[in-house]
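The structure appears below as structure tokens.
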Amino acid sequence: LRQRRTEIPITRSIMDLDGPIGPDLSHPDSVIRLASAIHRFRCPEISPEQRISYERSFKSASENHPETQAALRKADTFRTDLADSLVLGNKKGAHQQVIKCAKEYLPLIHKILLTCKVQPEVARLDERLFFNWASGLEKSKKFIKSEALMFEMIMVIVCQALGTAGAASDACIAGDFPGAGRELKKAAGIMKFLAEDQLPKWISRGTNVEDKELPVEASVGICDSFKTLFLAVGQQMAIATVLVKPGIPNYTLVAKLCLGVAENLETFVNTIRSKAALQKEKIDPNFFTLITFQIGLHNALCLYFGARGIWEGKDKYGIAIVML
């Protein structure tokens, strides 16, 4: 009996060597969820009460041009398709539908604009065109009317940008962090195009509508700041991509990425305060509370992952403890 009693603990100690020794020190799943948190904005909307028609408006100018008539009918169809897709909200595939419709409609708007520029006599309308849009970023929905074709084109480009950001959110929820990062990079590029190309062109041509009377997306400051925001969120997807991989991640790399996110978010806040102070007041203040939280969170995660990186190096444990 004495011999058997001594054998049992020995056998158990040998079996225990096959499993993990000590507590599980891998990063918790909650860190991945926090690091990849994303805020989804709704897309702008076209007023359902007033449906315009390019075909009716340019009837006299296009009556002897069958190709132009066909293009105008197609523009009417694509605009209706875009308007229908914008009210789908967060339904499955809604954002991809917005992107598709915007891409189909944009070349036709550009074609009409170019024709009016080259042949000013074509710009004479049989029926006035009123483009009626509501912002997707503002806290309250208010439809704003303009007769400028450039206004229509800019709002459609904004739809493509916010639809792309929405598709990134869908990919993030599905766990496709690399795909979400690619979509956010596209959205940032579209916002940069608006801020540095399209909106300055519209301003240089002169408009009798002030920035404060337009949807916030139709301003250089908002587009410039949201470009930086989408880049920051895209970097969050890079962090999540590293953390979900099996094995021990490169904690030093993750710490640098977290610091980059915090810096980009601070740049976003500073840009929107300096370049779009009036438009900022129209956006839900709770969104900026979230951004403040995200800045603090990613600064904390930078220290956390930096400490883990030092700890994995098996020296300077004191510095790691101080950072934690």
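Naming scheme: A, B, ... for chains in displayed order of the structure tokens; residues 1 onward per chain; ligands 1 onward as shown.
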Check which residues of region 242-313 of chain A sit at most 7 Å from region 132-144 of chain A using only C-alpha atoms, and return one row each with the closest pair of atoms and their distance in Å to one decimal, ordered by chain and rising number, as a Markdown table.
```
| residue | atom | partner | partner_atom | distance |
| --- | --- | --- | --- | --- |
| A:Lys282 | CA | A:Glu138 | CA | 5.3 |
| A:Ile283 | CA | A:Glu138 | CA | 4.5 |
| A:Asp284 | CA | A:Lys139 | CA | 4.9 |
```
Could those selected residues go to a file with all heavy atoms, as an mmCIF file, in the first residue's frame?
```
data_model
loop_
_atom_site.group_PDB
_atom_site.id
_atom_site.type_symbol
_atom_site.label_atom_id
_atom_site.label_comp_id
_atom_site.auth_asym_id
_atom_site.auth_seq_id
_atom_site.Cartn_x
_atom_site.Cartn_y
_atom_site.Cartn_z
ATOM 1 N N LYS A 282 -22.811 69.813 -36.019
ATOM 2 C CA LYS A 282 -23.974 69.087 -36.547
ATOM 3 C C LYS A 282 -23.869 67.577 -36.354
ATOM 4 O O LYS A 282 -24.830 66.847 -36.588
ATOM 5 C CB LYS A 282 -24.139 69.388 -38.041
ATOM 6 C CG LYS A 282 -24.417 70.850 -38.361
ATOM 7 C CD LYS A 282 -24.578 71.031 -39.866
ATOM 8 C CE LYS A 282 -24.832 72.486 -40.237
ATOM 9 N NZ LYS A 282 -24.999 72.669 -41.702
ATOM 10 N N ILE A 283 -22.684 67.109 -35.957
ATOM 11 C CA ILE A 283 -22.450 65.675 -35.762
ATOM 12 C C ILE A 283 -22.733 65.307 -34.311
ATOM 13 O O ILE A 283 -22.456 66.083 -33.397
ATOM 14 C CB ILE A 283 -21.003 65.309 -36.158
ATOM 15 C CG1 ILE A 283 -20.758 65.672 -37.632
ATOM 16 C CG2 ILE A 283 -20.724 63.838 -35.936
ATOM 17 C CD1 ILE A 283 -19.323 65.495 -38.089
ATOM 18 N N ASP A 284 -23.272 64.118 -34.105
ATOM 19 C CA ASP A 284 -23.635 63.650 -32.762
ATOM 20 C C ASP A 284 -22.429 63.747 -31.824
ATOM 21 O O ASP A 284 -21.385 63.150 -32.093
ATOM 22 C CB ASP A 284 -24.107 62.195 -32.840
ATOM 23 C CG ASP A 284 -24.725 61.715 -31.537
ATOM 24 O OD1 ASP A 284 -24.507 62.354 -30.492
ATOM 25 O OD2 ASP A 284 -25.420 60.682 -31.562
#
```
Within 12 Å of Arg128 (chain A), counting only C-alpha atoms, which residues qualify if same-chain residues fewer than 3 places away don't, as a ChimeraX atom specification? /A:50-59,123-125,131,146-149
Mind checking DSSP for region 69-206 of chain A and telling me the alpha helix (DSSP H) residues as a PyMOL selection string? chain A and resi 69-86+94-118+149-173+177-193+199-205
Residues of region 110-163 of chain A that approach region 69-82 of chain A to 9 Å or less, counting only C-alpha atoms: could you list each one with the shortest pair of atoms and its distance in Å to one decimal, rows by chain and increasing residue number, as JSON lines?
```
{"residue": "A:Lys111", "atom": "CA", "partner": "A:Ala71", "partner_atom": "CA", "distance": 9.0}
{"residue": "A:Ile112", "atom": "CA", "partner": "A:Leu72", "partner_atom": "CA", "distance": 8.4}
{"residue": "A:Val156", "atom": "CA", "partner": "A:Leu82", "partner_atom": "CA", "distance": 8.7}
```
With a distance cut-off of 10 Å and only C-alpha atoms, select the neighbouring residues of Leu278 (chain A), excluding the residue or stretch itself and same-chain residues fewer than 3 positions from it, and output the selection as a ChimeraX atom specification. /A:211-212,216,221,272-275,281-283
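Among the candidate residues A:Ala161, A:Leu243, A:Leu253, A:Ile203, the one lying nearest to Gly175 (chain A) is A:Leu243, with distances computed using only C-alpha atoms.
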Which parts of region 44-291 of chain A does DSSP call strand (DSSP E or B) when run on the backbone here, written out as a PyMOL selection string? chain A and resi 45-46+131-134+138+143-146+283
Shell of 10 Å around Ile222 (chain A), only C-alpha atoms, local chain residues under 4 positions omitted, as a VMD selection string: chain A and resid 137 191 194 to 195 216 to 218 226 to 227 268 271 to 273 275 to 277 279 to 280
Excluding His298 (chain A) and any residue of its chain fewer than 2 positions from it, enumerate the residues within 8 Å of it, using only C-alpha atoms, and give them as a short mmCIF file (atom, residue, chain, number, x, y, z; two decimals) with N, CA, C and O atoms, in the first residue's frame.
```cif
data_model
loop_
_atom_site.label_atom_id
_atom_site.label_comp_id
_atom_site.auth_asym_id
_atom_site.auth_seq_id
_atom_site.Cartn_x
_atom_site.Cartn_y
_atom_site.Cartn_z
N ALA A 35 -9.81 46.49 -29.67
CA ALA A 35 -8.88 47.06 -30.65
C ALA A 35 -9.52 47.21 -32.02
O ALA A 35 -9.11 48.08 -32.81
N CYS A 258 -0.74 50.43 -32.34
CA CYS A 258 -1.69 51.07 -31.42
C CYS A 258 -1.36 52.55 -31.24
O CYS A 258 -2.26 53.40 -31.22
N LEU A 259 -0.07 52.85 -31.13
CA LEU A 259 0.34 54.25 -31.00
C LEU A 259 -0.03 55.04 -32.26
O LEU A 259 -0.49 56.18 -32.18
N VAL A 261 -2.54 54.42 -34.27
CA VAL A 261 -3.99 54.65 -34.26
C VAL A 261 -4.32 55.85 -33.39
O VAL A 261 -5.10 56.73 -33.78
N ALA A 262 -3.75 55.90 -32.18
CA ALA A 262 -4.01 57.02 -31.27
C ALA A 262 -3.59 58.35 -31.89
O ALA A 262 -4.32 59.35 -31.79
N GLN A 294 -11.40 56.04 -27.57
CA GLN A 294 -10.52 55.24 -28.42
C GLN A 294 -9.08 55.72 -28.33
O GLN A 294 -8.15 54.91 -28.35
N ILE A 295 -8.89 57.03 -28.23
CA ILE A 295 -7.53 57.57 -28.10
C ILE A 295 -6.88 57.06 -26.81
O ILE A 295 -5.74 56.57 -26.81
N GLY A 296 -7.63 57.18 -25.71
CA GLY A 296 -7.11 56.70 -24.43
C GLY A 296 -6.87 55.20 -24.45
O GLY A 296 -5.86 54.71 -23.92
N ALA A 300 -3.29 53.17 -24.03
CA ALA A 300 -3.13 52.15 -23.00
C ALA A 300 -2.68 50.82 -23.61
O ALA A 300 -1.79 50.14 -23.08
N LEU A 301 -3.27 50.45 -24.75
CA LEU A 301 -2.88 49.21 -25.42
C LEU A 301 -1.43 49.27 -25.91
O LEU A 301 -0.74 48.25 -25.93
N CYS A 302 -0.99 50.46 -26.30
CA CYS A 302 0.41 50.63 -26.70
C CYS A 302 1.34 50.26 -25.55
O CYS A 302 2.32 49.53 -25.74
#
```
Residues near Leu113 (chain A), cut-off 12 Å, only C-alpha atoms, skip fewer than 6 positions along chain, as a list in words: Leu106, Pro107, Gln119, Pro120, Val122, Ala123, Ala148, Leu149, Met150, Phe151, Glu152 and Met153 of chain A
